[in-house]
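**Student:** Below is a structure I'd like to ask you about.
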2 protein chains.
Amino acid sequence: MAATIKEIAKIAKVSIATVSRALSNDPKVIEETKQLVLKVASDLNYNPNLLARNFVKRKSNLIGLILPDIADEFFSEIIRGVDDTALRSNYFTMVISSHKNRSLVESIQTLMGGGLAGGVIILIPYLSEDIKSALNNERIPFVIISGDNGLGSYSTISIDNYNAAYEMTQYLITQKNYTKIAFITGPADNNDAAIRQLAFKEACRNNGIRIKKSWIVEGNFSKESGEEACRKLIDSKDKPEAIFAANDMMALGCYEAIQSKGLKIPKDIGVVGFDDILLARFMNPPLTTVKVHINELGIMAAELLISKIENNNSSANRKIKVSSELVIRKSC
Amino acid sequence: MAATIKEIAKIAKVSIATVSRALSNDPKVIEETKQLVLKVASDLNYNPNLLARNFVKRKSNLIGLILPDIADEFFSEIIRGVDDTALRSNYFTMVISSHKNRSLVESIQTLMGGGLAGGVIILIPYLSEDIKSALNNERIPFVIISGDNGLGSYSTISIDNYNAAYEMTQYLITQKNYTKIAFITGPADNNDAAIRQLAFKEACRNNGIRIKKSWIVEGNFSKESGEEACRKLIDSKDKPEAIFAANDMMALGCYEAIQSKGLKIPKDIGVVGFDDILLARFMNPPLTTVKVHINELGIMAAELLISKIENNNSSANRKIKVSSELVIRKSC
DNA sequence: TACCACAATGTAAACGTTTACATTCCAACA
DNA sequence: TGTTGGAATGTAAACGTTTACATTGTGGTA
């Protein structure tokens with residue numbers, strides 16, 4: 001039912017090749033013909049069949065965005081960043097966020113193997129071996145958004161976890177004069193979390209601050225884990241003066257643990273986080289944390305991917321880190 | 001480079017038609033042949049070219065999801081709901097969230113006209129005339145997520161604004177014995193907001209509560225607008241005893257206005273909101289509000305759309321409301 | 001005038017699938 | 001034994017576009 005170039009050709013009394021050329025702004029077609037074709041096309045309410053176009057050009061203007069199977073306040077910002085950038089280059093964004101029914105590996109395979117997507121952005125906290133091998137089997141370009149440790153051979157976009165966590169630690173030590181600082185880690189298999197922990201340790205070491213083993217306590221990014229970890233910390237005989245939680249949610253858990261004990265933040269104990277979630281500024285007291293320019297993750301990933309797609313995947317693998325900034329509030 | 005059915009056919013010594021049939025589980029092909037084909041296909045690491053398939057079948061397994069040009073905590077939940085449901089029926093979800101570069105109407109046209117998407121879900125606070133006419137020009141099925149007032153001829157999925165707001169108002173009146181209740185409205189051109197306001201008024205009227213004109217004050221869903229509106233209310237000589245803000249963000253603004261005046265919630269004045277954003281439970285005091293099952297919006301929309309797609313858009317237009325519940329906390 | 005070069009347009013093949021229709025083959029039945 | 005019917009498979013067209021190559025026409029130059 002929809003108009004095709006064939007019909008346009010018939011009405012405009014030119015060949016379909018000319019129509020195609022006129023529509024794609026080929027300089028070879030004379031202005032007069034072009035105008036005629038354009039006129040007829042708009043009269044017929046013509047829209048190119050993108051399926052046919054992509055098919056014959058053997059490339060897709062779809063970018064696949066694979067998200068982990070957990071909800072997150074930041075996802076919509078990343079999606080927006082990708083989508084915004086993609087649209088600007090005439091690409092569309094396809095999102096796969098659920099892996100309940102199909103494994104992540106399956107998602108990667110259909111998306112990359114089926115030719116549906118011209119390239120894929122994968123947001124993933126940790127690259128397991130089977131995912132790596134699935135990735136290596138595919139020929140379409142892809143970009144990974146993840147904390148980058150040891151992802152040597154891939155193009156990655158990362159939060160600058162190291163510098164941010166280092167800076168925060170340094171701030172606690174040199175500006176706030178804390179000497180007894182605890183750290184609540186993220187999940188063991190999360191790259192971002194691992195780097196934050198590393199940076200914390202190195203910052204302490206470089207500033208001559210002793211890292212007590214029992215002051216590094218494991219969390220998993222959830223509020224509850226932060227609460228529990230914090231309770232351990234403040235119940236011990238040698239209480240730290242400040243707690244650096246690897247993300248804001250756990251910092252929130254710390255607040256609850258601390259305040260339920262009747263202690264005051266920051267008077268009795270300081271707390272800082274990482275992420276600057278929406279909640280952070282409304283906490284009581286407002287949380288000092290690290291703000292990451294999340295949407296840049298999406299923008300950068302899309303830009304890099306598109307350049308790969310348009311250069312036939314030949315561009316070298318790049319490593320991009322997006323900047324962050326300390327946001328000092330009242331929690332320490 | 002990727003394997004095609006042609007190569008499979010050659011190796012398996014059958015025709016491409018048989019390959020195609022075997023791969024799509026056509027009962028006509030004998031088990032033995034089918035197994036052979038499947039074996040060869042997997043040996044070759046074959047993935048069907050989805051572009052070609054969609055093209056020839058003249059249908060797309062892509063669902064377009066058009067989001068408004070504003071960020072929102074709930075978007076990722078809606079996306080997830082859509083995506084999850086879509087995947088289950090072998091559809092993919094395409095998101096368009098940015099309209100900086102192209103107008104919403106343009107987005108609708110490329111997506112619907114180009115055949116790229118088999119159907120479209122549009123999340124939009126208010127259906128303007130030009131959007132309606134763009135919609136009416138297209139032949140692909142679509143579903144609208146929006147507060148439904150006067151969208152008679154479309155399939156819509158809505159939050160049950162009316163009942164929720166009515167119930168909340170009734171709660172304030174009958175359970176909490178407030179008689180002087182103010183309402184802060186949402187933006188004028190937002191269907192959801194309009195319905196909440198209507199329900200508030202009717203609930204008051206039906207319970208014999210006087211609605212003072214100056215107690216209905218305009219907001220725009222932003223925190224700042226809530227703050228400003230609230231200031232107007234508490235500065236007036238005839239102060240209300242409770243404020244019903246049309247969303248949580250404005251309720252948060254109310255908190256700030258009220259607390260900066262040294263007044264206490266709920267002792268001096270009650271505040272309730274709508275949405276149950278993440279923040280709500282952590283506010284001080286925790287906010288009484290309305291919780292909507294947001295992900296159901298996405299699920300329902302996707303289910304309805306897919307049934308339309310698979311029935312050639314012939315199903316009648318339906319109206320679905322997703323339920324909500326009062327969540328009683330400590331703010332009134 | 002004859003020829004060439006190049007600009008504008010046309011012709012037709014190609015992309016990978018699905019599927020209507022054609023063919024083959026075999027079993028069942030008269 | 002011959003015929004019929006249906007099951008299994010094959011052949012080829014079709015989908016809407018792009019594009020390599022072919023054709024035509026025009027103006028300039030020798």
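Residues in the structure tokens are numbered from 1 in each chain, the chains being A, B, ... in the order shown, and ligands are numbered from 1 in the order shown.
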Taking every C-alpha atom in sequence order, what RMSD separates chain A from chain B after the best least-squares fit?
**Tutor:**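 That comparison of chain B with chain A gives 0.2 Å.
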**Student:** Going by DSSP on the backbone, which residues of region 175-272 of chain B come out as strand (DSSP E)? List them as an NGL selection string.
**Tutor:** :B and (181-184 or 216-217 or 242-245 or 270-272)
**Student:** What separation in Å, quoted to one decimal, exists between CA of Glu228 (chain A) and CA of Met250 (chain A)?
**Tutor:**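 So the two atoms, CA of Glu228 (chain A) and CA of Met250 (chain A), lie 9.3 Å apart.
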**Student:** Write out as a VMD selection string which residues come within 12 Å of Asn284 (chain B) when counting only C-alpha atoms (C1' of nucleotides), dropping same-chain ones fewer than 3 positions away.
**Tutor:** (chain A and resid 282 to 285) or (chain B and resid 251 to 252 254 to 256 258 to 259 264 to 266 271 279 to 281 287 to 288 329 to 332)
**Student:** As an NGL selection string, which residues of region 63-169 of chain A does DSSP assign to alpha helix (DSSP H)?
**Tutor:** :A and (75-88 or 104-113 or 129-136 or 161-169)
**Student:** Could you tell me which residues of chain B sit within 7 Å of chain A when counting only C-alpha atoms, and give me the result as JSON, numbers by chain?
**Tutor:** {"B": [47, 48, 49, 50, 51, 52, 55, 73, 75, 76, 80, 83, 84, 88, 93, 94, 95, 96, 97, 98, 101, 113, 114, 115, 116, 279]}
**Student:** Taking C-alpha atoms for each residue, export the selection above as a compact mmCIF listing (two decimals), in the first residue's frame.
**Tutor:**
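Resulting contents of again.txt:
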# COMPACT_ATOMS: atom_id res chain seq x y z
CA ASN B 47 22.34 -16.83 11.83
CA PRO B 48 19.36 -15.86 9.73
CA ASN B 49 19.64 -12.43 8.24
CA LEU B 50 16.86 -10.68 10.08
CA LEU B 51 16.95 -7.75 7.76
CA ALA B 52 16.22 -9.97 4.78
CA PHE B 55 12.01 -7.32 4.44
CA GLU B 73 13.04 8.11 37.05
CA PHE B 75 11.40 5.59 32.16
CA SER B 76 13.80 2.77 32.73
CA ARG B 80 12.12 -2.68 30.99
CA ASP B 83 11.41 -4.88 26.53
CA ASP B 84 10.72 -7.83 28.75
CA ARG B 88 9.10 -12.91 25.18
CA THR B 93 12.47 -2.66 21.42
CA MET B 94 13.66 0.49 19.77
CA VAL B 95 13.78 3.60 21.87
CA ILE B 96 13.56 7.16 20.72
CA SER B 97 13.85 9.53 23.58
CA SER B 98 15.43 12.59 22.19
CA ASN B 101 17.17 17.17 16.57
CA GLY B 113 6.33 5.03 7.71
CA GLY B 114 9.67 3.42 7.11
CA GLY B 115 8.54 -0.04 7.95
CA LEU B 116 11.38 -0.29 10.42
CA LEU B 279 13.07 9.47 47.35
**Student:** May I ask which of the residues B:Thr174, B:Thr156, B:Ser225, B:Asn220 is the closest one to Gly186 (chain B), counting only C-alpha atoms?
**Tutor:**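 For Gly186 (chain B), the nearest of the candidates is B:Asn220.
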**Student:** Determine, counting only C-alpha atoms (C1' of nucleotides), which protein, DNA and RNA residues have an atom within 9 Å of an atom of region 7-11 of chain C; residues of the same chain fewer than 3 positions away are not included. Present the result as a ChimeraX atom specification.
**Tutor:** /A:14-18,28-30 /D:21-26
**Student:** Could you save the residues just selected, with C-alpha atoms (C1' of nucleotides), as a CSV table (one decimal), in the first residue's frame?
**Tutor:**
chain,number,residue,atom,x,y,z
A,14,VAL,CA,11.8,8.7,-15.1
A,15,SER,CA,13.6,5.4,-14.1
A,16,ILE,CA,13.7,4.1,-10.6
A,17,ALA,CA,17.4,4.6,-10.6
A,18,THR,CA,16.9,8.3,-11.1
A,28,LYS,CA,24.5,13.5,-10.9
A,29,VAL,CA,20.9,14.2,-11.2
A,30,ILE,CA,20.0,17.5,-12.7
D,21,DC,C1',27.3,-0.8,-16.2
D,22,DA,C1',25.1,0.6,-20.5
D,23,DT,C1',22.9,4.0,-23.2
D,24,DT,C1',21.8,8.4,-24.8
D,25,DG,C1',22.4,13.2,-25.8
D,26,DT,C1',25.0,17.4,-25.7
**Student:** May I have the residues of chain D within 8 Å of chain A, counting only C-alpha atoms (C1' of nucleotides), written as a PyMOL selection string?
**Tutor:** chain D and resi 16-18
**Student:** Return as CSV the residues of chain C lying at most 9 Å from chain B, together with the closest atom-to-atom pair for each and the distance in Å to one decimal, counting only C-alpha atoms (C1' of nucleotides), with rows in chain order and ascending residue number.
**Tutor:**
residue,atom,partner,partner_atom,distance
C:DC15,C1',B:Ala52,CA,8.1
C:DG16,C1',B:Ala52,CA,5.3
C:DT17,C1',B:Arg53,CA,5.2
C:DT18,C1',B:Val56,CA,6.6
C:DT19,C1',B:Ala17,CA,8.5
**Student:** Restricted to C-alpha atoms (C1' of nucleotides), what would the selected residues look like written as a short mmCIF file (atom, residue, chain, number, x, y, z; two decimals), in the first residue's frame?
**Tutor:**
data_model
loop_
_atom_site.label_atom_id
_atom_site.label_comp_id
_atom_site.auth_asym_id
_atom_site.auth_seq_id
_atom_site.Cartn_x
_atom_site.Cartn_y
_atom_site.Cartn_z
"C1'" DC C 15 20.99 -8.57 -1.62
"C1'" DG C 16 18.79 -13.27 1.53
"C1'" DT C 17 14.66 -14.74 2.46
"C1'" DT C 18 9.88 -16.71 1.98
"C1'" DT C 19 6.40 -18.99 -0.53
#
**Student:** Between D:DG2, D:DA13, D:DG28, D:DA8, single out the one closest to DC25 (chain C), counting only C-alpha atoms (C1' of nucleotides).
**Tutor:**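 Selected residue with least distance to DC25 (chain C): D:DA8.
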**Student:** Write out as a list in words which residues come within 12 Å of DA30 (chain C) when counting only C-alpha atoms (C1' of nucleotides), dropping same-chain ones fewer than 5 positions away.
**Tutor:**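 The residues that qualify are DT1, DG2, DT3 and DT4 of chain D.
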**Student:** Go ahead and write the residues just picked, N, CA and C atoms (P, O5', C5', C4', C3', O3' and C1' of nucleotides), as a PDB file, in the first residue's frame.
**Tutor:**
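Heads up, here's the output in again.pdb:
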ATOM      1  P    DT D   1       2.287 -55.497 -13.376  1.00  0.00           P
ATOM      2  O5'  DT D   1       0.794 -55.056 -13.790  1.00  0.00           O
ATOM      3  C5'  DT D   1       0.268 -55.341 -15.081  1.00  0.00           C
ATOM      4  C4'  DT D   1      -0.596 -54.174 -15.441  1.00  0.00           C
ATOM      5  C3'  DT D   1       0.164 -52.847 -15.581  1.00  0.00           C
ATOM      6  O3'  DT D   1      -0.431 -52.094 -16.643  1.00  0.00           O
ATOM      7  C1'  DT D   1      -1.372 -52.683 -13.783  1.00  0.00           C
ATOM      8  P    DG D   2       0.178 -50.735 -17.101  1.00  0.00           P
ATOM      9  O5'  DG D   2      -0.981 -49.736 -16.626  1.00  0.00           O
ATOM     10  C5'  DG D   2      -2.334 -50.139 -16.780  1.00  0.00           C
ATOM     11  C4'  DG D   2      -3.207 -49.090 -16.152  1.00  0.00           C
ATOM     12  C3'  DG D   2      -2.685 -47.656 -16.342  1.00  0.00           C
ATOM     13  O3'  DG D   2      -3.809 -46.823 -16.574  1.00  0.00           O
ATOM     14  C1'  DG D   2      -2.777 -48.156 -14.035  1.00  0.00           C
ATOM     15  P    DT D   3      -3.656 -45.310 -16.879  1.00  0.00           P
ATOM     16  O5'  DT D   3      -4.231 -44.671 -15.553  1.00  0.00           O
ATOM     17  C5'  DT D   3      -5.494 -45.139 -15.062  1.00  0.00           C
ATOM     18  C4'  DT D   3      -5.712 -44.570 -13.679  1.00  0.00           C
ATOM     19  C3'  DT D   3      -5.399 -43.069 -13.571  1.00  0.00           C
ATOM     20  O3'  DT D   3      -6.591 -42.416 -13.153  1.00  0.00           O
ATOM     21  C1'  DT D   3      -4.414 -44.294 -11.781  1.00  0.00           C
ATOM     22  P    DT D   4      -6.604 -40.853 -12.932  1.00  0.00           P
ATOM     23  O5'  DT D   4      -6.442 -40.756 -11.360  1.00  0.00           O
ATOM     24  C5'  DT D   4      -7.215 -41.618 -10.514  1.00  0.00           C
ATOM     25  C4'  DT D   4      -6.858 -41.321  -9.070  1.00  0.00           C
ATOM     26  C3'  DT D   4      -6.644 -39.828  -8.788  1.00  0.00           C
ATOM     27  O3'  DT D   4      -7.362 -39.495  -7.613  1.00  0.00           O
ATOM     28  C1'  DT D   4      -4.738 -41.080  -8.109  1.00  0.00           C
TER      29       DT D   4
END
**Student:** Which residues come within 7 Å of Val290 (chain A), counting only C-alpha atoms (C1' of nucleotides), excluding same-chain residues fewer than 5 positions away, as an MDAnalysis selection string?
**Tutor:** chainID A and resid 164 273:276 324:327
